[in-house]
file final_12.cif (mmCIF, C-alpha atoms)
data_work
#
loop_
_atom_site.label_atom_id
_atom_site.label_comp_id
_atom_site.auth_asym_id
_atom_site.auth_seq_id
_atom_site.Cartn_x
_atom_site.Cartn_y
_atom_site.Cartn_z
CA MET F 1 -10.39 10.05 9.27
CA ARG F 2 -11.03 6.74 10.94
CA ALA F 3 -9.49 4.93 7.97
CA PHE F 4 -6.53 7.34 8.02
CA LEU F 5 -5.84 6.66 11.69
CA ALA F 6 -6.29 2.91 11.28
CA LEU F 7 -3.72 2.81 8.49
CA LEU F 8 -1.31 5.12 10.32
CA ILE F 9 -1.44 2.95 13.43
CA ARG F 10 -1.07 -0.25 11.39
CA ASP F 11 2.05 1.05 9.63
CA LEU F 12 3.62 2.27 12.88
CA LYS F 13 2.88 -1.10 14.47
CA LEU F 14 4.44 -2.88 11.50
CA ALA F 15 7.53 -0.68 11.67
CA ALA F 16 7.90 -1.40 15.39
CA ARG F 17 7.30 -5.12 14.88
CA VAL F 18 9.54 -5.66 11.86
CA GLY F 19 12.18 -3.14 12.84
CA GLY F 20 14.23 -2.54 9.75
CA SER F 21 14.04 0.68 7.83
CA GLY F 22 13.85 3.24 10.65
CA LEU F 23 16.82 1.94 12.61
CA MET F 24 18.70 1.03 9.44
CA GLY F 25 18.31 4.56 8.10
CA LEU F 26 19.74 5.94 11.32
CA VAL F 27 22.72 3.56 11.27
CA PHE F 28 23.31 4.34 7.60
CA PHE F 29 23.19 8.07 8.42
CA LEU F 30 25.76 7.49 11.16
CA SER F 31 28.07 5.51 8.87
CA ILE F 32 28.10 8.16 6.15
CA VAL F 33 28.74 10.94 8.65
CA THR F 34 31.62 9.02 10.25
CA MET F 35 33.20 8.21 6.89
CA ILE F 36 33.55 11.84 5.84
CA PRO F 37 36.08 12.95 8.54
CA PHE F 38 38.21 9.93 7.67
CA ALA F 39 38.22 10.96 4.04
CA LEU F 40 38.85 14.67 4.66
CA GLY F 41 41.46 14.38 7.35
CA PRO F 42 41.52 16.07 10.78
CA ASP F 43 40.85 19.64 9.67
CA LEU F 44 38.23 20.85 12.15
CA ASN F 45 37.64 24.19 10.46
CA LEU F 46 36.95 22.58 7.12
CA LEU F 47 34.69 20.00 8.77
CA SER F 48 32.59 22.50 10.64
CA ARG F 49 32.25 24.60 7.49
CA ILE F 50 30.94 21.75 5.32
CA GLY F 51 29.27 19.92 8.24
CA PRO F 52 25.69 20.99 7.42
CA ALA F 53 26.16 19.88 3.80
CA ILE F 54 27.47 16.49 4.92
CA LEU F 55 24.56 15.98 7.32
CA TRP F 56 22.04 16.96 4.65
CA ILE F 57 23.52 14.63 2.02
CA ALA F 58 23.59 11.82 4.58
CA ALA F 59 19.98 12.53 5.56
CA LEU F 60 18.94 12.51 1.92
CA LEU F 61 20.57 9.15 1.27
CA ALA F 62 19.20 7.71 4.50
CA THR F 63 15.71 8.78 3.48
CA LEU F 64 16.03 6.70 0.33
CA ILE F 65 16.58 3.58 2.43
CA GLY F 66 13.33 1.77 2.84
CA LEU F 67 11.45 4.16 0.59
CA ASP F 68 11.17 1.49 -2.11
CA ARG F 69 9.19 -0.70 0.30
CA LEU F 70 6.68 2.06 1.05
CA PHE F 71 4.07 0.74 -1.37
CA GLN F 72 5.84 -2.34 -2.70
CA ALA F 73 5.28 -4.38 0.46
CA ASP F 74 1.55 -3.69 0.26
CA GLN F 75 1.53 -4.40 -3.46
CA GLU F 76 3.15 -7.81 -3.00
CA ASP F 77 0.88 -9.21 -0.31
CA GLY F 78 -2.30 -7.79 -1.84
CA SER F 79 -2.89 -5.19 0.89
CA LEU F 80 -2.87 -2.46 -1.73
CA ASP F 81 -6.00 -3.98 -3.24
CA LEU F 82 -7.61 -3.87 0.18
CA LEU F 83 -6.58 -0.23 0.57
CA ARG F 84 -8.38 0.59 -2.70
CA LEU F 85 -11.68 -0.64 -1.27
CA SER F 86 -11.81 2.02 1.41
CA PRO F 87 -14.41 4.78 1.43
CA ALA F 88 -11.45 7.09 2.10
CA PRO F 89 -9.80 8.45 -1.06
CA LEU F 90 -6.46 7.05 -2.15
CA GLU F 91 -4.89 10.42 -1.30
CA ALA F 92 -5.72 9.83 2.38
CA VAL F 93 -4.17 6.38 2.12
CA VAL F 94 -0.97 7.88 0.70
CA LEU F 95 -0.92 10.61 3.34
CA ALA F 96 -1.29 8.07 6.16
CA LYS F 97 1.47 5.85 4.79
CA VAL F 98 3.85 8.77 4.17
CA THR F 99 3.20 10.20 7.64
CA ALA F 100 3.94 6.85 9.24
CA HIS F 101 7.07 6.45 7.13
CA TRP F 102 8.34 9.90 8.07
CA LEU F 103 7.68 9.34 11.76
CA VAL F 104 9.78 6.19 11.56
CA THR F 105 12.62 7.40 9.31
CA GLY F 106 12.68 11.21 9.02
CA LEU F 107 11.92 12.24 12.58
CA PRO F 108 14.69 10.12 14.19
CA LEU F 109 17.18 11.59 11.69
CA ALA F 110 16.25 15.14 12.66
CA LEU F 111 16.37 14.38 16.38
CA ALA F 112 19.70 12.58 16.10
CA ALA F 113 21.31 15.41 14.14
CA PRO F 114 22.97 17.08 17.20
CA PHE F 115 24.82 13.87 18.08
CA PHE F 116 26.00 13.43 14.52
CA GLY F 117 26.86 17.14 14.43
CA LEU F 118 29.53 16.38 17.07
CA LEU F 119 31.29 14.17 14.55
CA VAL F 120 31.68 17.02 12.08
CA ALA F 121 32.57 19.65 14.69
CA LEU F 122 29.39 21.72 14.47
CA THR F 123 28.85 24.59 16.90
CA PRO F 124 25.79 24.41 19.20
CA ASP F 125 24.07 27.07 17.08
CA ALA F 126 24.63 25.06 13.94
CA MET F 127 23.33 21.89 15.64
CA LEU F 128 20.11 23.65 16.56
CA ALA F 129 19.77 24.92 13.00
CA MET F 130 20.40 21.40 11.65
CA VAL F 131 17.59 19.98 13.80
CA ALA F 132 15.24 22.75 12.63
CA THR F 133 16.06 22.37 8.93
CA LEU F 134 15.95 18.58 8.99
CA LEU F 135 12.68 18.62 10.93
CA VAL F 136 11.13 20.89 8.33
CA GLY F 137 12.92 19.55 5.26
CA THR F 138 12.80 15.76 5.57
CA PRO F 139 9.01 15.58 5.09
CA ALA F 140 9.57 17.10 1.63
CA LEU F 141 12.07 14.34 0.85
CA THR F 142 9.59 11.68 1.94
CA PHE F 143 6.71 13.17 -0.04
CA VAL F 144 8.80 13.49 -3.20
CA GLY F 145 10.06 9.97 -2.64
CA ALA F 146 6.51 8.68 -2.23
CA VAL F 147 5.73 9.56 -5.85
CA GLY F 148 8.72 7.52 -6.97
CA ALA F 149 7.78 4.71 -4.61
CA ALA F 150 4.25 4.62 -6.05
CA LEU F 151 5.57 4.58 -9.61
CA THR F 152 7.93 1.70 -8.89
CA ALA F 153 5.59 -0.23 -6.59
CA SER F 154 5.06 -3.08 -9.04
CA LEU F 155 8.69 -3.32 -10.17
CA ARG F 156 10.65 -6.18 -8.68
CA ARG F 157 13.91 -4.26 -8.29
CA GLY F 158 12.64 -0.73 -8.10
CA GLY F 159 15.08 0.57 -5.48
CA LEU F 160 17.74 1.94 -7.81
CA ILE F 161 15.29 3.32 -10.37
CA LEU F 162 13.48 4.99 -7.49
CA ALA F 163 16.69 6.73 -6.36
CA ILE F 164 17.49 7.91 -9.88
CA LEU F 165 13.91 9.12 -10.37
CA VAL F 166 13.51 11.12 -7.19
CA LEU F 167 16.99 12.48 -6.42
CA PRO F 168 16.78 15.32 -8.99
CA PHE F 169 13.53 16.47 -7.40
CA MET F 170 15.15 16.59 -3.97
CA ILE F 171 17.76 19.14 -5.11
CA PRO F 172 15.74 22.28 -4.18
CA THR F 173 15.14 20.94 -0.67
CA LEU F 174 18.84 20.17 -0.36
CA ILE F 175 19.90 23.64 -1.53
CA PHE F 176 17.64 25.53 0.86
CA GLY F 177 18.17 23.11 3.73
CA VAL F 178 21.94 23.54 3.58
CA SER F 179 21.82 27.29 3.01
CA ALA F 180 19.48 27.75 5.98
CA ALA F 181 21.79 25.72 8.19
CA ASP F 182 24.77 27.72 6.92
CA ALA F 183 22.99 31.01 7.47
CA ALA F 184 22.51 30.14 11.13
CA THR F 185 26.28 29.95 11.71
CA GLY F 186 27.03 33.32 10.19
CA GLY F 187 26.68 34.47 6.65
CA THR F 188 25.34 37.32 4.66
CA ILE F 189 21.66 36.31 4.68
CA PRO F 190 19.38 35.96 7.71
CA PHE F 191 18.36 32.43 8.74
CA ALA F 192 14.67 33.05 8.06
CA THR F 193 15.01 33.66 4.33
CA PRO F 194 16.13 30.21 3.13
CA PHE F 195 14.28 28.56 6.03
CA LEU F 196 10.91 29.93 4.96
CA ILE F 197 11.54 28.80 1.38
CA LEU F 198 12.33 25.35 2.80
CA VAL F 199 9.00 25.41 4.64
CA ALA F 200 7.26 26.39 1.42
CA LEU F 201 8.97 23.58 -0.49
CA THR F 202 7.75 21.09 2.10
CA LEU F 203 4.18 22.36 1.87
CA VAL F 204 4.24 22.15 -1.92
CA ALA F 205 5.78 18.67 -1.79
CA ALA F 206 3.08 17.56 0.65
CA VAL F 207 0.32 18.46 -1.81
CA VAL F 208 2.03 17.45 -5.05
CA GLY F 209 3.49 14.30 -3.52
CA THR F 210 0.19 13.10 -2.09
CA VAL F 211 -1.80 13.73 -5.25
CA GLY F 212 0.99 12.45 -7.49
CA ALA F 213 1.54 9.23 -5.57
CA ALA F 214 -2.21 8.54 -5.50
CA ALA F 215 -2.40 9.11 -9.25
CA ALA F 216 0.56 6.79 -9.80
CA LEU F 217 -1.10 4.08 -7.70
CA ARG F 218 -4.37 4.47 -9.62
CA SER F 219 -2.71 3.98 -12.96
CA GLY F 220 -0.47 1.27 -11.58
CA GLU F 221 -2.57 -1.70 -12.58
CA MET A 1 -28.46 -2.86 -4.52
CA GLN A 2 -28.22 -4.15 -8.07
CA LEU A 3 -25.41 -4.52 -10.52
CA HIS A 4 -25.88 -4.69 -14.28
CA VAL A 5 -22.91 -5.72 -16.35
CA GLU A 6 -23.22 -5.31 -20.11
CA ASN A 7 -20.89 -6.61 -22.76
CA LEU A 8 -17.80 -6.42 -20.57
CA ALA A 9 -14.43 -6.89 -22.27
CA CYS A 10 -10.99 -7.25 -20.75
CA SER A 11 -7.51 -6.82 -22.20
CA ARG A 12 -4.17 -7.39 -20.52
CA GLY A 13 -1.54 -5.57 -22.53
CA GLU A 14 -2.27 -6.25 -26.19
CA ARG A 15 -4.14 -9.47 -25.60
CA ARG A 16 -7.91 -9.58 -25.47
CA ILE A 17 -8.78 -11.89 -22.58
CA PHE A 18 -12.57 -12.04 -22.88
CA GLU A 19 -15.40 -9.99 -24.30
CA GLY A 20 -19.17 -9.91 -24.39
CA VAL A 21 -19.69 -10.86 -20.74
CA SER A 22 -23.11 -9.75 -19.49
CA PHE A 23 -24.98 -10.51 -16.30
CA ALA A 24 -27.16 -8.84 -13.71
CA LEU A 25 -27.03 -9.33 -9.95
CA TRP A 26 -29.89 -8.72 -7.52
CA PRO A 27 -29.84 -9.04 -3.70
CA GLY A 28 -29.51 -12.66 -2.67
CA ASP A 29 -27.85 -13.74 -5.89
CA ALA A 30 -24.84 -15.97 -6.20
CA LEU A 31 -22.84 -16.12 -9.38
CA LEU A 32 -20.24 -18.80 -10.00
CA VAL A 33 -17.63 -17.86 -12.58
CA LEU A 34 -16.33 -20.94 -14.35
CA GLY A 35 -13.64 -21.40 -16.94
CA ARG A 36 -10.27 -22.93 -17.61
CA ASN A 37 -7.04 -21.69 -16.01
CA GLY A 38 -6.08 -18.37 -17.56
CA ALA A 39 -9.52 -17.80 -19.05
CA GLY A 40 -9.88 -14.48 -17.21
CA LYS A 41 -11.95 -15.37 -14.12
CA SER A 42 -9.71 -13.43 -11.75
CA SER A 43 -9.53 -10.57 -14.25
CA LEU A 44 -13.33 -10.36 -14.19
CA LEU A 45 -13.26 -10.02 -10.39
CA ASP A 46 -10.44 -7.47 -10.65
CA ILE A 47 -12.59 -5.36 -12.97
CA LEU A 48 -15.53 -5.55 -10.56
CA ALA A 49 -13.21 -4.57 -7.68
CA GLY A 50 -11.92 -1.57 -9.61
CA ARG A 51 -8.35 -2.87 -9.82
CA LEU A 52 -8.48 -3.21 -13.58
CA ALA A 53 -10.11 -0.91 -16.08
CA PRO A 54 -12.46 -2.73 -18.47
CA ALA A 55 -11.50 -2.62 -22.16
CA GLY A 56 -15.15 -2.21 -23.08
CA GLY A 57 -18.69 -2.53 -21.79
CA THR A 58 -20.48 -0.98 -18.83
CA LEU A 59 -20.90 -1.61 -15.13
CA ALA A 60 -24.01 -0.01 -13.66
CA LEU A 61 -24.60 -0.05 -9.91
CA THR A 62 -28.00 1.09 -8.67
CA GLY A 63 -29.30 1.62 -5.16
CA ALA A 64 -25.94 2.34 -3.57
CA GLY A 65 -26.35 6.08 -3.18
CA GLU A 66 -23.06 7.95 -3.19
CA ARG A 67 -20.91 4.87 -2.88
CA THR A 68 -18.92 3.45 -5.75
CA LEU A 69 -18.78 -0.26 -6.48
CA PRO A 70 -15.36 -0.81 -4.83
CA GLU A 71 -16.74 0.75 -1.63
CA CYS A 72 -19.57 -1.79 -1.58
CA LEU A 73 -17.56 -4.97 -1.84
CA HIS A 74 -15.14 -7.36 -0.24
CA HIS A 75 -12.51 -8.93 -2.45
CA VAL A 76 -10.72 -12.02 -1.23
CA GLY A 77 -8.17 -12.76 -3.90
CA HIS A 78 -5.18 -15.01 -4.38
CA ARG A 79 -3.00 -12.72 -2.34
CA ASP A 80 -4.49 -12.71 1.12
CA ALA A 81 -3.75 -9.02 1.97
CA LEU A 82 -2.61 -10.01 5.47
CA LYS A 83 0.43 -8.55 7.17
CA ALA A 84 2.62 -11.43 8.32
CA ALA A 85 4.07 -9.49 11.27
CA LEU A 86 0.66 -8.62 12.76
CA THR A 87 -1.54 -11.09 14.60
CA ALA A 88 -4.72 -12.40 13.01
CA GLU A 89 -6.75 -10.24 15.36
CA GLU A 90 -4.74 -7.08 14.55
CA ASN A 91 -5.12 -7.70 10.83
CA LEU A 92 -8.88 -7.96 11.19
CA ALA A 93 -9.09 -5.00 13.57
CA PHE A 94 -7.32 -2.91 10.95
CA ALA A 95 -9.69 -4.06 8.19
CA ARG A 96 -12.67 -3.32 10.43
CA ASP A 97 -11.56 0.25 11.17
CA PHE A 98 -10.30 0.90 7.68
CA LEU A 99 -13.21 -0.39 5.62
CA GLY A 100 -15.88 1.24 7.79
CA ASP A 101 -19.37 -0.07 8.55
CA PRO A 102 -18.12 -2.48 11.24
CA ALA A 103 -19.99 -5.72 11.89
CA LEU A 104 -18.56 -8.55 14.01
CA THR A 105 -15.53 -7.99 16.23
CA PRO A 106 -12.29 -9.66 15.05
CA ARG A 107 -12.58 -12.36 17.72
CA GLU A 108 -16.17 -13.19 16.81
CA ALA A 109 -15.25 -13.36 13.13
CA LEU A 110 -12.33 -15.67 13.84
CA ALA A 111 -14.53 -17.84 16.05
CA ALA A 112 -17.06 -18.11 13.20
CA LEU A 113 -14.32 -19.60 11.04
CA GLY A 114 -13.05 -21.85 13.82
CA LEU A 115 -9.85 -19.91 14.38
CA ALA A 116 -10.49 -18.41 17.82
CA HIS A 117 -7.38 -20.11 19.19
CA ALA A 118 -5.15 -18.40 16.59
CA ALA A 119 -6.31 -14.82 17.26
CA GLY A 120 -3.10 -13.84 19.06
CA LEU A 121 -0.69 -15.52 16.67
CA PRO A 122 1.24 -13.58 14.03
CA VAL A 123 -0.12 -14.49 10.61
CA ALA A 124 3.39 -15.59 9.59
CA TYR A 125 2.99 -18.64 11.88
CA LEU A 126 -0.26 -19.78 10.27
CA SER A 127 -0.65 -22.43 7.58
CA ALA A 128 -1.95 -21.65 4.09
CA GLY A 129 -5.44 -22.83 4.99
CA GLN A 130 -5.47 -20.86 8.23
CA ARG A 131 -4.33 -17.70 6.45
CA ARG A 132 -7.10 -18.18 3.90
CA ARG A 133 -9.58 -18.46 6.77
CA VAL A 134 -8.28 -15.24 8.37
CA ALA A 135 -8.70 -13.52 4.98
CA LEU A 136 -12.26 -14.90 4.78
CA ALA A 137 -12.95 -13.65 8.32
CA ARG A 138 -12.50 -10.18 6.88
CA LEU A 139 -15.84 -10.68 5.14
CA LEU A 140 -17.49 -10.67 8.54
CA VAL A 141 -15.82 -7.72 10.27
CA ALA A 142 -17.11 -5.07 7.85
CA ARG A 143 -20.59 -5.10 6.34
CA ARG A 144 -20.48 -4.98 2.54
CA ALA A 145 -23.12 -6.11 0.06
CA PHE A 146 -20.88 -7.71 -2.58
CA TRP A 147 -18.47 -10.52 -1.82
CA LEU A 148 -15.98 -11.25 -4.60
CA LEU A 149 -14.29 -14.54 -3.81
CA ASP A 150 -11.43 -15.78 -5.96
CA GLU A 151 -11.04 -19.53 -5.48
CA PRO A 152 -12.32 -19.27 -1.91
CA THR A 153 -12.05 -22.99 -1.29
CA ALA A 154 -8.37 -23.22 -2.24
CA ALA A 155 -6.33 -24.65 0.65
CA LEU A 156 -9.46 -25.12 2.80
CA ASP A 157 -10.28 -28.48 4.41
CA THR A 158 -13.74 -30.00 3.98
CA ALA A 159 -15.05 -28.73 7.30
CA SER A 160 -13.96 -25.17 6.49
CA GLN A 161 -15.52 -25.41 3.03
CA GLU A 162 -18.80 -26.28 4.69
CA VAL A 163 -18.43 -23.30 7.08
CA LEU A 164 -17.76 -21.04 4.10
CA ARG A 165 -20.81 -22.39 2.26
CA ARG A 166 -22.95 -21.66 5.32
CA LEU A 167 -21.54 -18.11 5.64
CA ILE A 168 -22.26 -17.45 1.97
CA GLU A 169 -25.84 -18.69 2.36
CA GLU A 170 -26.33 -16.50 5.45
CA HIS A 171 -24.95 -13.50 3.58
CA ARG A 172 -27.32 -14.16 0.66
CA ALA A 173 -30.27 -14.62 3.00
CA SER A 174 -29.61 -11.14 4.41
CA GLY A 175 -29.64 -9.62 0.92
CA GLY A 176 -25.97 -9.95 0.05
CA ILE A 177 -24.53 -10.84 -3.34
CA VAL A 178 -21.71 -13.31 -3.91
CA VAL A 179 -19.54 -13.68 -7.01
CA ALA A 180 -17.10 -16.57 -6.77
CA THR A 181 -14.67 -18.18 -9.14
CA THR A 182 -14.22 -21.84 -8.46
CA HIS A 183 -13.15 -25.15 -9.89
CA GLN A 184 -14.84 -27.15 -7.17
CA PRO A 185 -18.62 -27.25 -6.85
CA LEU A 186 -19.66 -25.02 -3.95
CA ALA A 187 -23.20 -26.45 -3.74
CA LEU A 188 -24.93 -23.10 -3.32
CA ASP A 189 -28.73 -23.00 -3.60
CA GLY A 190 -29.90 -21.62 -6.91
CA ALA A 191 -26.53 -20.23 -7.87
CA ARG A 192 -26.21 -19.08 -11.45
CA GLU A 193 -23.18 -19.95 -13.47
CA ILE A 194 -21.32 -18.03 -16.11
CA ARG A 195 -18.56 -19.46 -18.24
CA ILE A 196 -15.66 -17.27 -19.31
CA GLU A 197 -14.02 -18.31 -22.56
CA ARG A 198 -11.00 -16.92 -24.28
CA SER A 199 -12.24 -14.63 -27.02
CA ALA A 200 -9.30 -15.07 -29.38
CA PRO A 201 -7.60 -18.31 -30.36
CA ALA A 202 -4.74 -19.34 -28.10
CA PRO A 203 -1.62 -17.20 -28.58
CA GLU A 204 0.98 -18.43 -31.01
CA PRO A 205 3.60 -20.79 -29.66
CA PHE A 206 6.53 -19.01 -28.09
CA ARG A 207 9.45 -18.43 -30.42
CA SER A 208 12.89 -17.69 -29.06
CA GLY A 209 13.25 -14.81 -31.54
CA ASP A 210 10.53 -12.89 -29.68
CA VAL A 211 12.63 -12.22 -26.64
CA LEU A 212 14.50 -9.14 -27.81
#

call {"tool": "encode", "arguments": {"input": "final_12.cif", "output": "structure tokens"}}
result
Amino acid sequence: MRAFLALLIRDLKLAARVGGSGLMGLVFFLSIVTMIPFALGPDLNLLSRIGPAILWIAALLATLIGLDRLFQADQEDGSLDLLRLSPAPLEAVVLAKVTAHWLVTGLPLALAAPFFGLLVALTPDAMLAMVATLLVGTPALTFVGAVGAALTASLRRGGLILAILVLPFMIPTLIFGVSAADAATGGTIPFATPFLILVALTLVAAVVGTVGAAAALRSGE
Amino acid sequence: MQLHVENLACSRGERRIFEGVSFALWPGDALLVLGRNGAGKSSLLDILAGRLAPAGGTLALTGAGERTLPECLHHVGHRDALKAALTAEENLAFARDFLGDPALTPREALAALGLAHAAGLPVAYLSAGQRRRVALARLLVARRAFWLLDEPTAALDTASQEVLRRLIEEHRASGGIVVATTHQPLALDGAREIRIERSAPAPEPFRSGDVL
């Protein structure tokens, strides 16, 4: 627990000190969301109907930013070798790093969703639903991404391979995230049905992602 | 705490690096690993640190209770495992909390290596020798029986080498064990030496046809 906290605090400190991925992800999110209305034209009804899907796609792509550095930075400067010497299991190391990464990249995305919702003409109800689904769904994206990040930690240019590897596994989260957000603005199914499946996906991803990333790091050398 | 290494072999990819390496380490021992560049000295330390799986042979640790070998050692390798954006003190404070079994405070450890003035500086601003000294200060912030030092004197000035030699002797006097690879004589009392040789003849000269 002490090791977990020490690593969590170190990674948050590093993120604050270096800046970079958290803020970049947010700006990237903003740029994608602003591009879409330009491409679709000024049809507010269309925009508000596909708004949740746009926000989710943008969030998914923004999550990928900086994910490749999750373990690679530690691999390059030798810190990963130090992390292996801990009495804490490698799973705890992964969990601490993923938690820190999500706090820096995923959480701001979810909290900023209402402001970006304005750009795609979402109703207040839909904005609230977006925050809820992103808050619950983005951890799944980070955990799934962590497995890919661990697999590509020792590759020099792992960023693109990482995206290709992990995007297919993010599809279920995307489907249920968007359908939950859609259900909140009217639809045939109640909000809770897809939302609870989204919660379940995140819980599964948390376990599988942590164990998988630790296994990938173990076999990495 | 004792470590018995029997008939250790190491392969990187298809190539056999070394084989038949055996030694035993008791408290207070120092082992200098000698050999040419590329002979496998760092690989031997990597195997001891659990970074690399041995291709053959056994490692037996006794007297450590539940702990595994990687949990009983410090490894100061070629890459210094320091975060450039954090200060020297923050780097050491992290290592102290993370590795457990805390000993000296980061400031005391830095002072022991003559770097007290650099405690508040980001590691990115430090020179190669200063970074190496911060990495060595990690040895002092958490108490661990085995010290694996890969070329510890690289980039160190003569005064710092003497400080390092004194720290190693103090560690040995308190029952610690040191394994160091080195090209320069470290002048440790009663240190044993082991020479790592390539097991196979040198690889064939590179042919351009091998690329694809």

call {"tool": "closest_atom_pairs", "arguments": {"input": "final_12.cif", "of": "chain F", "to": "chain A", "cutoff": "6 Å", "atoms": "all atoms listed in the file", "output": "Markdown table"}}
result
| residue | atom | partner | partner_atom | distance |
| --- | --- | --- | --- | --- |
| F:Ala3 | CA | A:Phe98 | CA | 4.1 |
| F:Ala6 | CA | A:Phe98 | CA | 5.8 |
| F:Asp77 | CA | A:Ala81 | CA | 5.2 |
| F:Gly78 | CA | A:Ala81 | CA | 4.3 |
| F:Ser79 | CA | A:Ala81 | CA | 4.1 |
| F:Leu85 | CA | A:Pro70 | CA | 5.1 |
| F:Ser86 | CA | A:Leu99 | CA | 5.0 |
| F:Pro87 | CA | A:Glu71 | CA | 5.6 |

call {"tool": "resolve_selection", "arguments": {"input": "final_12.cif", "expression": "the PyMOL selection byres ((chain A and resi 116-132) around 8)", "output": "list in words"}}
result
Asp80, Leu82, Lys83, Ala84, Ala85, Leu86, Thr87, Ala88, Glu89, Arg107, Glu108, Leu110, Ala111, Leu113, Gly114, Leu115, Arg133, Val134, Ala135, Leu136, Pro152, Ala154, Ala155, Leu156 and Asp157 of chain A

call {"tool": "resolve_selection", "arguments": {"input": "final_12.cif", "expression": "the PyMOL selection byres ((chain F and resi 98-102) around 7)", "output": "JSON list (two decimals) with C-alpha atoms, in the frame of the given file"}}
result
[["chain", "number", "residue", "atom", "x", "y", "z"],
["F", 8, "LEU", "CA", -1.31, 5.12, 10.32],
["F", 11, "ASP", "CA", 2.05, 1.05, 9.63],
["F", 12, "LEU", "CA", 3.62, 2.27, 12.88],
["F", 94, "VAL", "CA", -0.97, 7.88, 0.70],
["F", 95, "LEU", "CA", -0.92, 10.61, 3.34],
["F", 96, "ALA", "CA", -1.29, 8.07, 6.16],
["F", 97, "LYS", "CA", 1.47, 5.85, 4.79],
["F", 103, "LEU", "CA", 7.68, 9.34, 11.76],
["F", 104, "VAL", "CA", 9.78, 6.19, 11.56],
["F", 105, "THR", "CA", 12.62, 7.40, 9.31],
["F", 106, "GLY", "CA", 12.68, 11.21, 9.02],
["F", 107, "LEU", "CA", 11.92, 12.24, 12.58],
["F", 139, "PRO", "CA", 9.01, 15.58, 5.09],
["F", 142, "THR", "CA", 9.59, 11.68, 1.94],
["F", 143, "PHE", "CA", 6.71, 13.17, -0.04],
["F", 146, "ALA", "CA", 6.51, 8.68, -2.23]]

call {"tool": "resolve_selection", "arguments": {"input": "final_12.cif", "expression": "the PyMOL selection byres ((chain F and resi 121) around 9)", "output": "PyMOL selection string"}}
result
chain F and resi 44-45+47-49+51+117-120+122-123

call {"tool": "residues_around", "arguments": {"input": "final_12.cif", "residues": "Gly28 in chain A", "least_positions_apart": "3", "cutoff": "10 Å", "atoms": "only C-alpha atoms", "output": "PyMOL selection string"}}
result
chain A and resi 25+145-146+168-178+190-191

call {"tool": "atom_distance", "arguments": {"input": "final_12.cif", "atom1": "CA of Ile194 in chain A", "atom2": "CA of Val21 in chain A"}}
result
8.7 Å

call {"tool": "closest_residue", "arguments": {"input": "final_12.cif", "among": "F:Phe195, F:Glu91, F:Met170, F:Phe115", "to": "Gly212 in chain F", "atoms": "only C-alpha atoms"}}
result
F:Glu91

call {"tool": "atom_distance", "arguments": {"input": "final_12.cif", "atom1": "CA of Leu201 in chain F", "atom2": "CA of Val27 in chain F"}}
result
27.0 Å

call {"tool": "residues_around", "arguments": {"input": "final_12.cif", "residues": "range 202-204 of chain F", "least_positions_apart": "6", "cutoff": "9 Å", "atoms": "all atoms listed in the file", "output": "list in words"}}
result
Val136, Gly137, Thr138, Pro139, Ala140, Leu141, Phe143 and Thr173 of chain F

call {"tool": "write_last_selection", "arguments": {"input": "final_12.cif", "atoms": "C-alpha atoms", "output": "PDB file, in the coordinates of the input"}}
result
ATOM      1  CA  VAL F 136      11.130  20.890   8.330  1.00  0.00           C
ATOM      2  CA  GLY F 137      12.920  19.550   5.260  1.00  0.00           C
ATOM      3  CA  THR F 138      12.800  15.760   5.570  1.00  0.00           C
ATOM      4  CA  PRO F 139       9.010  15.580   5.090  1.00  0.00           C
ATOM      5  CA  ALA F 140       9.570  17.100   1.630  1.00  0.00           C
ATOM      6  CA  LEU F 141      12.070  14.340   0.850  1.00  0.00           C
ATOM      7  CA  PHE F 143       6.710  13.170  -0.040  1.00  0.00           C
ATOM      8  CA  THR F 173      15.140  20.940  -0.670  1.00  0.00           C
TER       9      THR F 173
END

call {"tool": "residues_near_point", "arguments": {"input": "final_12.cif", "point": "(-22.7, -5.5, -24.9)", "cutoff": "6 Å", "atoms": "all atoms listed in the file", "output": "PyMOL selection string"}}
result
chain A and resi 6-7+20+57

call {"tool": "closest_residue", "arguments": {"input": "final_12.cif", "among": "A:Leu34, A:Ala137, A:Leu186, A:Ala9", "to": "Ser22 in chain A", "atoms": "all atoms listed in the file"}}
result
A:Ala9

call {"tool": "residues_around", "arguments": {"input": "final_12.cif", "residues": "Leu61 in chain F", "least_positions_apart": "6", "cutoff": "10 Å", "atoms": "only C-alpha atoms", "output": "VMD selection string"}}
result
chain F and resid 25 28 to 29 32 55 141 163 167

call {"tool": "residues_around", "arguments": {"input": "final_12.cif", "residues": "Gln2 in chain A", "least_positions_apart": "2", "cutoff": "6 Å", "atoms": "all atoms listed in the file", "output": "PyMOL selection string"}}
result
chain A and resi 25-26+61-62

call {"tool": "write_last_selection", "arguments": {"input": "final_12.cif", "atoms": "C-alpha atoms", "output": "tab-separated table (two decimals), in the coordinates of the input"}}
result
chain	number	residue	atom	x	y	z
A	25	LEU	CA	-27.03	-9.33	-9.95
A	26	TRP	CA	-29.89	-8.72	-7.52
A	61	LEU	CA	-24.60	-0.05	-9.91
A	62	THR	CA	-28.00	1.09	-8.67

call {"tool": "closest_residue", "arguments": {"input": "final_12.cif", "among": "F:Leu46, F:Val131, F:Gly66, F:Ala58", "to": "Ala184 in chain F", "atoms": "all atoms listed in the file"}}
result
F:Val131

call {"tool": "closest_residue", "arguments": {"input": "final_12.cif", "among": "F:Ile171, F:Leu155, F:Ala200, F:Leu109", "to": "Met130 in chain F", "atoms": "all atoms listed in the file"}}
result
F:Leu109
